[in-house]
Structures are given as C-alpha cells and as structure tokens.
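Next comes work14.txt, a file with compact mmCIF, C-alpha atoms.
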```txt
# COMPACT_ATOMS: atom_id res chain seq x y z
CA MET A 1 -36.33 -2.34 -28.05
CA ILE A 2 -35.47 -0.56 -31.32
CA GLN A 3 -35.16 2.77 -29.53
CA LYS A 4 -32.84 1.30 -26.91
CA PHE A 5 -30.66 -0.30 -29.58
CA HIS A 6 -30.51 2.99 -31.49
CA ALA A 7 -29.50 4.89 -28.35
CA ALA A 8 -26.79 2.36 -27.57
CA SER A 9 -25.47 2.56 -31.13
CA MET A 10 -25.31 6.35 -30.95
CA LYS A 11 -23.47 6.08 -27.65
CA ASP A 12 -20.99 3.55 -29.06
CA THR A 13 -20.37 5.78 -32.09
CA ALA A 14 -19.71 8.80 -29.88
CA ARG A 15 -17.36 6.78 -27.69
CA ARG A 16 -15.46 5.54 -30.74
CA GLN A 17 -15.14 9.06 -32.19
CA LEU A 18 -13.92 10.46 -28.88
CA ALA A 19 -11.38 7.65 -28.54
CA ILE A 20 -10.01 8.23 -32.06
CA TRP A 21 -9.73 11.96 -31.33
CA LEU A 22 -7.82 11.29 -28.10
CA TYR A 23 -5.48 8.76 -29.73
CA CYS A 24 -4.70 11.29 -32.47
CA GLY A 25 -4.05 13.91 -29.81
CA ALA A 26 -1.79 11.53 -27.90
CA PHE A 27 0.23 10.86 -31.06
CA CYS A 28 0.63 14.61 -31.60
CA VAL A 29 1.84 15.04 -28.01
CA PHE A 30 4.34 12.21 -28.56
CA ILE A 31 5.67 14.01 -31.65
CA GLN A 32 5.86 17.23 -29.64
CA ILE A 33 8.01 15.55 -27.00
CA LEU A 34 10.37 14.31 -29.70
CA LEU A 35 10.51 17.81 -31.20
CA GLY A 36 11.39 19.09 -27.74
CA GLY A 37 14.25 16.59 -27.66
CA ILE A 38 15.52 17.76 -31.04
CA THR A 39 15.26 21.36 -29.89
CA ARG A 40 17.40 20.58 -26.86
CA LEU A 41 19.95 18.50 -28.77
CA THR A 42 20.43 21.21 -31.40
CA GLY A 43 20.76 23.93 -28.75
CA SER A 44 17.77 25.75 -30.22
CA GLY A 45 15.68 26.29 -27.10
CA LEU A 46 16.87 29.83 -26.40
CA SER A 47 16.81 31.08 -29.99
CA ILE A 48 13.42 32.80 -29.57
CA THR A 49 13.66 35.19 -26.65
CA GLU A 50 10.01 36.29 -26.60
CA TRP A 51 6.78 34.46 -25.85
CA GLN A 52 3.96 35.61 -28.11
CA PRO A 53 1.18 32.99 -27.97
CA LEU A 54 -0.60 34.42 -31.05
CA LEU A 55 1.79 36.59 -33.07
CA GLY A 56 4.64 34.16 -32.44
CA ALA A 57 3.05 31.72 -34.87
CA PHE A 58 4.64 33.69 -37.70
CA PRO A 59 8.41 33.65 -38.20
CA PRO A 60 10.29 36.82 -39.19
CA LEU A 61 9.18 37.72 -42.71
CA SER A 62 11.80 40.26 -43.72
CA THR A 63 15.54 40.76 -43.41
CA GLU A 64 14.97 43.51 -40.86
CA GLU A 65 12.77 41.26 -38.71
CA TRP A 66 15.32 38.45 -38.87
CA GLN A 67 18.09 40.81 -37.84
CA HIS A 68 15.99 42.16 -34.96
CA SER A 69 15.35 38.62 -33.69
CA PHE A 70 19.05 37.77 -34.06
CA ASN A 71 20.05 40.93 -32.16
CA GLN A 72 17.81 39.87 -29.27
CA TYR A 73 19.53 36.48 -29.22
CA LYS A 74 22.91 38.23 -29.13
CA GLU A 75 21.98 39.74 -25.74
CA ILE A 76 22.01 36.41 -23.88
CA ALA A 77 24.94 34.42 -22.53
CA GLN A 78 24.45 31.47 -24.87
CA PHE A 79 25.41 33.63 -27.83
CA LYS A 80 28.14 35.60 -26.07
CA LYS A 81 29.92 32.59 -24.56
CA LEU A 82 29.00 29.71 -26.87
CA ASN A 83 27.67 30.81 -30.25
CA HIS A 84 29.45 34.14 -30.79
CA HIS A 85 30.67 32.85 -34.16
CA PHE A 86 27.08 32.47 -35.47
CA SER A 87 26.04 34.16 -38.66
CA LEU A 88 22.42 35.03 -39.42
CA THR A 89 22.13 31.77 -41.37
CA ASP A 90 23.38 29.78 -38.37
CA TYR A 91 20.84 31.54 -36.19
CA GLN A 92 18.02 30.75 -38.61
CA MET A 93 18.89 27.05 -38.35
CA ILE A 94 18.41 26.90 -34.60
CA PHE A 95 15.45 29.30 -34.78
CA PHE A 96 13.63 26.80 -37.00
CA TRP A 97 13.52 23.98 -34.42
CA GLU A 98 12.28 26.18 -31.58
CA TRP A 99 9.72 27.80 -33.88
CA LEU A 100 8.51 24.38 -35.05
CA HIS A 101 8.31 23.13 -31.45
CA ARG A 102 6.18 26.09 -30.42
CA ASN A 103 3.95 25.95 -33.49
CA TRP A 104 3.36 22.23 -33.12
CA ALA A 105 2.16 23.05 -29.60
CA ARG A 106 -0.27 25.58 -31.09
CA THR A 107 -1.43 22.93 -33.56
CA ILE A 108 -2.06 20.50 -30.72
CA GLY A 109 -4.17 23.16 -29.01
CA LEU A 110 -6.35 23.46 -32.11
CA ILE A 111 -6.54 19.66 -32.50
CA PHE A 112 -8.01 19.48 -29.02
CA ILE A 113 -10.10 22.64 -28.82
CA ILE A 114 -11.90 22.52 -32.20
CA PRO A 115 -13.16 18.89 -32.00
CA PHE A 116 -13.98 19.49 -28.32
CA MET A 117 -16.33 22.31 -29.30
CA VAL A 118 -17.83 20.23 -32.13
CA PHE A 119 -18.46 17.22 -29.88
CA LEU A 120 -19.91 19.52 -27.26
CA LEU A 121 -22.37 21.05 -29.74
CA GLN A 122 -23.31 17.58 -30.95
CA LYS A 123 -23.97 16.57 -27.31
CA LYS A 124 -21.54 13.67 -27.51
CA ILE A 125 -19.80 14.68 -24.28
CA ASN A 126 -21.54 14.07 -21.00
CA THR A 127 -20.84 15.87 -17.71
CA ARG A 128 -18.27 13.39 -16.49
CA MET A 129 -16.24 13.46 -19.70
CA PHE A 130 -16.64 17.24 -19.94
CA THR A 131 -14.93 17.66 -16.56
CA LYS A 132 -12.06 15.39 -17.61
CA LEU A 133 -11.57 17.21 -20.89
CA ILE A 134 -11.62 20.65 -19.25
CA PHE A 135 -8.92 19.40 -16.89
CA LEU A 136 -6.97 18.16 -19.91
CA LEU A 137 -7.17 21.57 -21.60
CA LEU A 138 -6.03 23.27 -18.40
CA LEU A 139 -3.08 20.87 -18.18
CA GLY A 140 -2.15 21.76 -21.75
CA ALA A 141 -2.29 25.49 -20.98
CA LEU A 142 -0.21 24.98 -17.83
CA GLN A 143 2.35 23.05 -19.84
CA ALA A 144 2.75 26.02 -22.17
CA VAL A 145 3.35 28.34 -19.20
CA VAL A 146 5.87 25.95 -17.65
CA GLY A 147 7.61 25.75 -21.03
CA TRP A 148 8.07 29.51 -21.10
CA ILE A 149 9.28 29.55 -17.47
CA MET A 150 11.86 26.94 -18.50
CA VAL A 151 13.01 28.99 -21.51
CA LYS A 152 13.19 32.16 -19.44
CA SER A 153 15.58 30.46 -17.01
CA GLY A 154 18.22 30.54 -19.75
CA LEU A 155 17.62 34.09 -21.01
CA ASN A 156 20.25 35.87 -18.94
CA ASP A 157 23.94 36.85 -18.85
CA THR A 158 25.19 33.66 -17.19
CA SER A 159 23.31 30.56 -18.40
CA LEU A 160 24.37 28.64 -21.49
CA ALA A 161 21.18 26.56 -21.43
CA VAL A 162 17.88 26.31 -19.58
CA ASP A 163 17.79 25.16 -15.98
CA GLU A 164 17.92 21.35 -15.92
CA ILE A 165 15.35 21.07 -13.12
CA LYS A 166 12.86 23.20 -15.02
CA LEU A 167 13.65 21.18 -18.16
CA ALA A 168 12.90 17.93 -16.30
CA ILE A 169 9.64 19.35 -14.91
CA HIS A 170 8.55 20.49 -18.38
CA PHE A 171 9.37 17.07 -19.80
CA MET A 172 7.58 15.18 -17.04
CA MET A 173 4.47 17.31 -17.39
CA ALA A 174 4.41 16.32 -21.06
CA ILE A 175 4.70 12.64 -20.10
CA LEU A 176 1.89 12.97 -17.55
CA LEU A 177 -0.24 14.80 -20.11
CA LEU A 178 0.34 11.99 -22.61
CA SER A 179 -0.48 9.37 -19.97
CA TYR A 180 -3.70 11.16 -19.00
CA ILE A 181 -4.86 11.37 -22.62
CA LEU A 182 -4.12 7.70 -23.25
CA TRP A 183 -5.85 6.61 -20.04
CA MET A 184 -9.05 8.36 -21.17
CA ALA A 185 -8.69 6.82 -24.62
CA PHE A 186 -8.23 3.36 -23.07
CA GLN A 187 -11.40 3.85 -21.05
CA LEU A 188 -13.36 4.69 -24.17
CA SER A 189 -11.96 2.06 -26.52
CA ILE A 190 -11.08 -1.09 -24.57
CA CYS A 191 -13.95 -3.47 -24.04
CA PRO A 192 -14.58 -4.28 -20.35
CA TYR A 193 -14.68 -7.98 -21.22
CA SER A 194 -10.99 -7.85 -22.17
CA ILE A 195 -9.93 -6.62 -18.75
CA TYR A 196 -7.68 -8.85 -16.64
CA TYR A 197 -7.93 -7.95 -12.98
CA ILE A 198 -5.14 -9.52 -10.96
CA ARG A 199 -4.02 -7.58 -7.90
CA LYS A 200 -0.42 -8.79 -8.05
CA ILE A 201 -0.08 -7.83 -11.72
CA LYS A 202 -1.64 -4.46 -11.03
CA THR A 203 0.91 -3.83 -8.27
CA ILE A 204 3.93 -4.88 -10.35
CA ALA A 205 2.76 -2.98 -13.44
CA GLY A 206 1.97 0.14 -11.40
CA LEU A 207 5.31 0.00 -9.61
CA THR A 208 7.21 -0.44 -12.88
CA PHE A 209 5.34 2.42 -14.52
CA PHE A 210 6.12 4.79 -11.64
CA LEU A 211 9.75 3.65 -11.67
CA MET A 212 9.78 4.57 -15.36
CA LEU A 213 8.44 8.02 -14.52
CA GLY A 214 11.33 8.45 -12.11
CA GLN A 215 13.72 7.15 -14.73
CA LEU A 216 12.43 9.59 -17.34
CA PHE A 217 12.83 12.43 -14.85
CA TYR A 218 16.45 11.51 -14.22
CA GLY A 219 16.94 11.01 -17.94
CA ALA A 220 15.87 14.63 -18.44
CA LEU A 221 18.29 15.69 -15.70
CA MET A 222 21.03 13.70 -17.44
CA ALA A 223 20.28 15.52 -20.68
CA GLY A 224 19.94 18.99 -19.17
CA SER A 225 23.09 18.80 -17.04
CA LYS A 226 25.10 16.71 -19.55
CA ALA A 227 25.82 14.28 -16.74
CA ALA A 228 26.79 11.56 -19.22
CA LEU A 229 30.08 13.39 -19.78
CA ALA A 230 30.98 12.88 -16.11
CA ALA A 231 31.37 9.13 -16.72
CA PRO A 232 31.05 7.98 -20.35
CA THR A 233 31.92 4.39 -19.42
CA TRP A 234 29.97 1.17 -18.94
CA PRO A 235 29.43 -1.14 -17.06
CA ASP A 236 31.72 0.67 -14.60
CA ILE A 237 31.44 4.32 -13.64
CA ASN A 238 34.92 5.68 -14.33
CA GLY A 239 36.36 2.41 -13.07
CA PHE A 240 34.09 2.10 -10.04
CA ILE A 241 30.86 0.27 -9.31
CA ILE A 242 29.94 2.98 -6.81
CA PRO A 243 31.93 6.18 -7.40
CA PRO A 244 33.70 7.70 -4.38
CA ARG A 245 32.10 10.73 -2.72
CA ILE A 246 28.78 9.87 -4.32
CA PHE A 247 25.83 12.02 -3.18
CA THR A 248 28.11 14.95 -2.40
CA GLU A 249 27.76 18.39 -3.93
CA GLU A 250 30.99 18.13 -5.92
CA SER A 251 29.84 14.82 -7.43
CA GLN A 252 26.37 16.00 -8.38
CA LEU A 253 26.62 14.90 -12.03
CA LEU A 254 27.92 11.46 -11.05
CA THR A 255 25.08 11.16 -8.55
CA ILE A 256 22.49 11.91 -11.26
CA GLN A 257 24.04 9.31 -13.54
CA PHE A 258 24.37 6.75 -10.74
CA ILE A 259 20.68 7.05 -9.82
CA HIS A 260 19.73 6.87 -13.51
CA ARG A 261 21.68 3.63 -13.89
CA MET A 262 20.32 2.08 -10.70
CA LEU A 263 16.76 2.87 -11.73
CA ALA A 264 17.45 1.25 -15.10
CA TYR A 265 18.69 -1.96 -13.49
CA THR A 266 15.66 -2.02 -11.16
CA ILE A 267 13.27 -1.54 -14.06
CA VAL A 268 14.91 -4.42 -15.96
CA VAL A 269 14.16 -6.69 -13.02
CA THR A 270 10.56 -5.55 -12.58
CA VAL A 271 9.82 -5.79 -16.34
CA LEU A 272 11.19 -9.34 -16.42
CA ILE A 273 9.00 -10.22 -13.42
CA LEU A 274 6.00 -8.61 -15.10
CA TYR A 275 6.70 -10.51 -18.32
CA ARG A 276 6.91 -13.78 -16.40
CA LYS A 277 3.72 -13.10 -14.45
CA THR A 278 1.61 -12.09 -17.48
CA THR A 279 1.63 -15.35 -19.42
CA PHE A 280 -2.19 -15.15 -19.39
CA LEU A 281 -1.93 -12.27 -21.88
CA LYS A 282 -0.91 -14.83 -24.51
CA LYS A 283 -4.57 -15.87 -24.75
CA HIS A 284 -5.30 -13.00 -27.13
CA ARG A 285 -3.12 -11.82 -30.00
CA ALA A 286 -3.29 -8.12 -29.13
CA THR A 287 -2.33 -8.57 -25.49
CA SER A 288 0.30 -11.13 -26.44
CA LEU A 289 1.88 -8.57 -28.78
CA LEU A 290 1.71 -5.99 -25.98
CA ARG A 291 3.57 -8.34 -23.62
CA THR A 292 6.25 -9.17 -26.20
CA GLY A 293 6.55 -5.55 -27.30
CA MET A 294 7.10 -4.44 -23.70
CA LEU A 295 10.04 -6.86 -23.38
CA LEU A 296 11.54 -5.88 -26.74
CA LEU A 297 11.25 -2.18 -25.93
CA MET A 298 13.06 -2.78 -22.65
CA CYS A 299 15.92 -4.60 -24.43
CA LEU A 300 16.14 -1.86 -27.07
CA GLN A 301 16.09 0.80 -24.36
CA ILE A 302 19.02 -0.84 -22.57
CA PHE A 303 21.03 -0.97 -25.81
CA LEU A 304 20.25 2.64 -26.70
CA GLY A 305 21.00 3.87 -23.19
CA ILE A 306 24.45 2.26 -23.17
CA THR A 307 25.17 3.38 -26.74
CA THR A 308 24.13 6.96 -25.97
CA LEU A 309 26.35 7.02 -22.89
CA LEU A 310 29.41 5.60 -24.67
CA ASN A 311 28.98 8.04 -27.58
CA SER A 312 28.24 11.09 -25.42
CA ILE A 313 31.69 12.53 -26.18
CA ASN A 314 30.94 12.39 -29.92
CA THR A 315 28.45 14.32 -32.03
CA THR A 316 26.83 11.03 -33.12
CA TYR A 317 25.23 10.71 -29.69
CA ARG A 318 22.32 12.93 -30.79
CA LEU A 319 20.68 10.24 -32.91
CA TYR A 320 21.06 7.65 -30.15
CA ALA A 321 19.74 10.12 -27.58
CA MET A 322 16.63 10.80 -29.66
CA LEU A 323 15.93 7.09 -30.12
CA HIS A 324 16.62 6.48 -26.43
CA GLN A 325 14.05 9.11 -25.47
CA ALA A 326 11.43 7.81 -27.91
CA THR A 327 11.87 4.21 -26.79
CA GLY A 328 11.64 5.22 -23.14
CA ILE A 329 8.31 6.92 -23.77
CA LEU A 330 6.94 3.94 -25.72
CA LEU A 331 8.04 1.56 -22.96
CA SER A 332 6.33 3.75 -20.37
CA MET A 333 3.09 3.82 -22.35
CA SER A 334 3.14 0.03 -22.83
CA LEU A 335 3.50 -0.33 -19.05
CA LEU A 336 0.61 2.10 -18.60
CA LEU A 337 -1.55 -0.12 -20.81
CA VAL A 338 -0.61 -3.27 -18.87
CA PHE A 339 -1.47 -1.40 -15.68
CA PHE A 340 -4.79 -0.38 -17.20
CA LEU A 341 -5.63 -3.94 -18.20
CA SER A 342 -4.97 -5.16 -14.67
CA HIS A 343 -6.95 -2.33 -13.07
CA LYS A 344 -10.44 -3.14 -11.88
CA LYS A 345 -12.00 0.24 -11.12
CA HIS A 346 -11.37 1.90 -14.47
CA VAL A 347 -14.25 0.18 -16.29
CA ILE A 348 -16.77 2.88 -17.22
CA THR A 349 -20.20 1.95 -18.55
CA GLN A 350 -21.07 5.60 -19.08
CA TYR A 351 -18.20 7.65 -20.42
```
Have the structure of the file written as structure tokens, please.
Amino acid sequence: MIQKFHAASMKDTARRQLAIWLYCGAFCVFIQILLGGITRLTGSGLSITEWQPLLGAFPPLSTEEWQHSFNQYKEIAQFKKLNHHFSLTDYQMIFFWEWLHRNWARTIGLIFIIPFMVFLLQKKINTRMFTKLIFLLLLGALQAVVGWIMVKSGLNDTSLAVDEIKLAIHFMMAILLLSYILWMAFQLSICPYSIYYIRKIKTIAGLTFFLMLGQLFYGALMAGSKAALAAPTWPDINGFIIPPRIFTEESQLLTIQFIHRMLAYTIVVTVLILYRKTTFLKKHRATSLLRTGMLLLMCLQIFLGITTLLNSINTTYRLYAMLHQATGILLSMSLLLVFFLSHKKHVITQY
C-alpha cells in the first residue's frame, strides 16, 4: 500500500511539473505572437534580410556591421519605395523589433528543449507523452521555417511587405501551436472529476472555437493586406450592408473585410448561445469565472474591433490593433478550455 501511494505521488508530481512547464511555454508563445504583431505594425519584419538560426542571435556589434546590415536592407523594395528617407538610427529602431521577435523564438526553443531533456533523463516522460512532445518540437521548428518563408516573400524589388497569405499561415500556425500546448497542459492539470461532458455543449464550443480560428485567419489577412482602409466605417461598409461587386477580384479587400465582419457577427451569436447553455458551470468558482470571462472577452473584442477599424486611417490604430489581437487570442483559448471541459475522450489516467 505504501509503495503504491509513493508511486502515485511521484506520478502526480511529474504531471504537475510537466503541466507548469507547458503553461510557461504557452505564455511565452502568446508573448511571441504579440511581438509578431508589434513587428508587423512597426513595419520591422523585413529589416533583417538574412536567416542565421545561430549567429543571428547577436545584433551588429560595430558601426561597420550596422552599416552592412543597413546596406542589405537598402536593396529591397520596402526601403527604395517606402523608407528611402531612413537614417541608420531609423533602421536600428525597426531592426530591434524583428531581432527581438527572432530571439524570443530562440528563447522559446530553449525553454522547451532544456526541460524536455531534463524530464527525459529523470524518466518523468512516458512513451505517449514523449511522442506528443516530439511532435510539438517539430511543429516549433516548422513554424520557424514558415516564418522565414514569409519574410523572404517580401525581400524583393516589388513588395513593400510580406505576402499576406504567408503572414496569415504563419500566424495561424502559431495559434495552433499555442492550442496544442494548452491542450496537453489541460490534460495534465485538470482533474477528471471536474469534467462536464454534454454533447450539445461540446458541439457549440467546438464550432465556436473553429469559427474563431477562421476569424483569426481573416484578421491576419485584414492586417497583411490593410483591408480596413477599404472601408473604415461601421456598422455600414462604405454606406452599404453588402457592398456591390462583392467577391470579385477588384473588390478583394472589401471581400476580406466583409467575411471578417460576418464571422464576427456569427461568433457573437454562438458565444451568447454557449453562455446561455453553460449555466451549469456556475457550480464552481473557476468554471463560473471562465464562463463570465468568455462573455467579457467577446464584448471587449467587439469594441476593439470596431475601434481599430474606425481608427485605421490614423496612427493611433496600432494600439487598438495590438489589443484586438491579444483579446482575440485570449477569447479563442477560453473557448478551447470550454471545449476541453465538455470533451469526454480527453481524460487521460496515464499521461
């Protein structure tokens, strides 16, 4: 009996340590996504024209190195057509955000790889979890490659920014990576006795979460293509409910914005339904806060989305855009947790 209790305690301790590690990693990925948003909003994404996974961790350390890096930036269209007035100091300002974005990614890699090796040596990771974590590390490596492919799409004589489709793919891979990490952490940290399995709730929560994924994708397209500028009005779209010639090639930006708005309205409806159908979550304080938080995040997201749109012609839109992105991610993750709590087959007795 004592030996069994000791084994169970060791197992619970390992599960708790793994969960804390994954939650810390998820937080770091969340910060990385926000840094990516700042990099885009400041126009910094093309400031570093080389990809050096190891040596790139160090910024230029001398005047000559800074000038060399600046000269490389001068070769691309963004400098020639948009930032030709930049001095070396101006260049260093945009260089900083891209450098920080890349180095935070390197930090995340260490945060995952080093504890992974430690836990592996301590035999706290079984075969099933080992497979999941290897897949996670591969996803992280793939995300780095996709990030460089995205950056490279703007390093030419014609583009003023990266390709918006590649930007959206890079962003969505980060969201999926964050979701995958959190799902594993939920499995390790949430007691099976707190699970609420209701098929209808599972369906609504799952549908709303996947609608949010679509919404985030179109949000990235909005940002990358600057589609907000095509119709910075609300609740109408340049005076129309449905713009004329929608879904045509010449109205591509209006189409992106129209779909983004329609997805938002649909999500409002499904979140309200989900809130109404999850009154049982009020039984416990934590799940009650989750339910209320989900609703408040939705309301805040609506406000920030409208405010960002209306201010898109002003420089002040950047702050609203950052908050809009952050709130959208938090809302998505709260929906993921509700989906998890209503999901029957995720309960794992052996991690």
Next item on the list: To one decimal in Å, tell me the separation between CA of Arg16 (chain A) and CA of Ser189 (chain A).
Entry: 6.5 Å
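If you measure from each of A:Ala286, A:Leu323, A:Ala77, A:Leu253 to Leu300 (chain A) using only C-alpha atoms, the closest one turns out to be A:Leu323.
CA of Lys74 (chain A) is positioned 16.7 Å from CA of Phe96 (chain A).
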Note to self: Give me, as a ChimeraX atom specification, all polymer residues having an atom no more than 8 Å from Ala185 (chain A), counting only C-alpha atoms and skipping those fewer than 6 positions away in the same chain.
What the structure shows: /A:18-20,22-23
Save the residues we just selected, C-alpha atoms, as a short mmCIF file (atom, residue, chain, number, x, y, z; two decimals), in the frame of the given file?
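Result went into result.cif, see below:
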```
data_model
loop_
_atom_site.label_atom_id
_atom_site.label_comp_id
_atom_site.auth_asym_id
_atom_site.auth_seq_id
_atom_site.Cartn_x
_atom_site.Cartn_y
_atom_site.Cartn_z
CA LEU A 18 -13.92 10.46 -28.88
CA ALA A 19 -11.38 7.65 -28.54
CA ILE A 20 -10.01 8.23 -32.06
CA LEU A 22 -7.82 11.29 -28.10
CA TYR A 23 -5.48 8.76 -29.73
#
```
Checklist line | Shell of 10 Å around Thr203 (chain A), all atoms listed in the file, local chain residues under 3 positions omitted, as a list in words | finding: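 After dropping sequence-adjacent residues, the list is Ile198, Arg199, Lys200, Gly206, Leu207, Thr208, Phe209, Leu274, Phe339, Ser342 and His343 of chain A.
Excluding Met333 (chain A) itself and any same-chain residue fewer than 5 positions from it, the protein and nucleic acid residues within 10 Å of it, counting all atoms listed in the file, are Ile175, Leu178, Ser179, Leu182, Trp183, Phe209, Met212, Met294, Thr327, Gly328, Val338 and Phe339 of chain A.
Closest approach to Ala105 (chain A) among A:Ala326, A:Ala57, A:Leu281, A:Leu46: A:Ala57, based on only C-alpha atoms.
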Next item on the list: Scan for residues within 10 Å of the point (14.9, 14.4, -19.5) in the coordinates of the file, using only C-alpha atoms, and reply as a VMD selection string.
Entry: chain A and resid 37 40 164 to 165 167 to 172 215 to 225 325
Prev. selection, C-alpha atoms, output as an mmCIF file, in the frame of the given file:
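part-v7.cif, written as the output of this step:
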```
data_model
loop_
_atom_site.group_PDB
_atom_site.id
_atom_site.type_symbol
_atom_site.label_atom_id
_atom_site.label_comp_id
_atom_site.auth_asym_id
_atom_site.auth_seq_id
_atom_site.Cartn_x
_atom_site.Cartn_y
_atom_site.Cartn_z
ATOM 1 C CA GLY A 37 14.250 16.590 -27.660
ATOM 2 C CA ARG A 40 17.400 20.580 -26.860
ATOM 3 C CA GLU A 164 17.920 21.350 -15.920
ATOM 4 C CA ILE A 165 15.350 21.070 -13.120
ATOM 5 C CA LEU A 167 13.650 21.180 -18.160
ATOM 6 C CA ALA A 168 12.900 17.930 -16.300
ATOM 7 C CA ILE A 169 9.640 19.350 -14.910
ATOM 8 C CA HIS A 170 8.550 20.490 -18.380
ATOM 9 C CA PHE A 171 9.370 17.070 -19.800
ATOM 10 C CA MET A 172 7.580 15.180 -17.040
ATOM 11 C CA GLN A 215 13.720 7.150 -14.730
ATOM 12 C CA LEU A 216 12.430 9.590 -17.340
ATOM 13 C CA PHE A 217 12.830 12.430 -14.850
ATOM 14 C CA TYR A 218 16.450 11.510 -14.220
ATOM 15 C CA GLY A 219 16.940 11.010 -17.940
ATOM 16 C CA ALA A 220 15.870 14.630 -18.440
ATOM 17 C CA LEU A 221 18.290 15.690 -15.700
ATOM 18 C CA MET A 222 21.030 13.700 -17.440
ATOM 19 C CA ALA A 223 20.280 15.520 -20.680
ATOM 20 C CA GLY A 224 19.940 18.990 -19.170
ATOM 21 C CA SER A 225 23.090 18.800 -17.040
ATOM 22 C CA GLN A 325 14.050 9.110 -25.470
#
```
Notebook entry, point to check: Between CA of Arg291 (chain A) and CA of Val271 (chain A), what is the spacing in Å?
Noted result: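 Taking CA of Val271 (chain A) and CA of Arg291 (chain A), their separation equals 9.9 Å.
Minimum atom-to-atom distances from A:Ile48, A:Leu295, A:Met129, A:Leu88 to Ile181 (chain A) were compared using all atoms listed in the file, and the lowest value belongs to A:Met129.
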Notebook entry, point to check: Pick from A:Val118, A:Ala174, A:Ala228, A:Met184: nearest to Lys132 (chain A), with all atoms listed in the file counted?
Noted result: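 With all atoms listed in the file as the atom set, the closest residue is A:Met184.
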Margin query: Would you pick out the contacts of Arg261 (chain A) at 12 Å or less, using all atoms listed in the file, so that residues sharing its chain but fewer than 2 positions from it are not included, and give the list as a VMD selection string?
Written below: chain A and resid 214 to 216 218 to 219 222 227 to 228 231 233 to 237 241 to 242 254 to 259 263 to 268 302 305 to 306 309
Next item on the list: Go through A:Gly154, A:Pro115, A:Gly293, A:Pro243 one by one, measure the shortest atom-to-atom distance of each to Ile76 (chain A) using only C-alpha atoms, and give the residue with the smallest value.
Entry: A:Gly154
Checklist line | Residue with smallest distance to Ser69 (chain A) - pool A:Leu289, A:Ser332, A:Leu35, A:Phe95, counting all atoms listed in the file | finding: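 That would be A:Phe95, the residue with the smallest distance to Ser69 (chain A).
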May I have the residues within 12 Å of Ala141 (chain A) as a PDB file with C-alpha atoms, in the frame of the given file, using only C-alpha atoms and disregarding those fewer than 3 positions away in the same chain?
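Writing the result to around.pdb gives the following:
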```
ATOM      1  CA  PRO A  53       1.180  32.990 -27.970  1.00  0.00           C
ATOM      2  CA  ALA A 105       2.160  23.050 -29.600  1.00  0.00           C
ATOM      3  CA  ARG A 106      -0.270  25.580 -31.090  1.00  0.00           C
ATOM      4  CA  ILE A 108      -2.060  20.500 -30.720  1.00  0.00           C
ATOM      5  CA  GLY A 109      -4.170  23.160 -29.010  1.00  0.00           C
ATOM      6  CA  PHE A 112      -8.010  19.480 -29.020  1.00  0.00           C
ATOM      7  CA  ILE A 113     -10.100  22.640 -28.820  1.00  0.00           C
ATOM      8  CA  ILE A 134     -11.620  20.650 -19.250  1.00  0.00           C
ATOM      9  CA  PHE A 135      -8.920  19.400 -16.890  1.00  0.00           C
ATOM     10  CA  LEU A 136      -6.970  18.160 -19.910  1.00  0.00           C
ATOM     11  CA  LEU A 137      -7.170  21.570 -21.600  1.00  0.00           C
ATOM     12  CA  LEU A 138      -6.030  23.270 -18.400  1.00  0.00           C
ATOM     13  CA  ALA A 144       2.750  26.020 -22.170  1.00  0.00           C
ATOM     14  CA  VAL A 145       3.350  28.340 -19.200  1.00  0.00           C
ATOM     15  CA  VAL A 146       5.870  25.950 -17.650  1.00  0.00           C
ATOM     16  CA  GLY A 147       7.610  25.750 -21.030  1.00  0.00           C
ATOM     17  CA  TRP A 148       8.070  29.510 -21.100  1.00  0.00           C
ATOM     18  CA  MET A 173       4.470  17.310 -17.390  1.00  0.00           C
ATOM     19  CA  ALA A 174       4.410  16.320 -21.060  1.00  0.00           C
ATOM     20  CA  LEU A 177      -0.240  14.800 -20.110  1.00  0.00           C
TER      21      LEU A 177
END
```
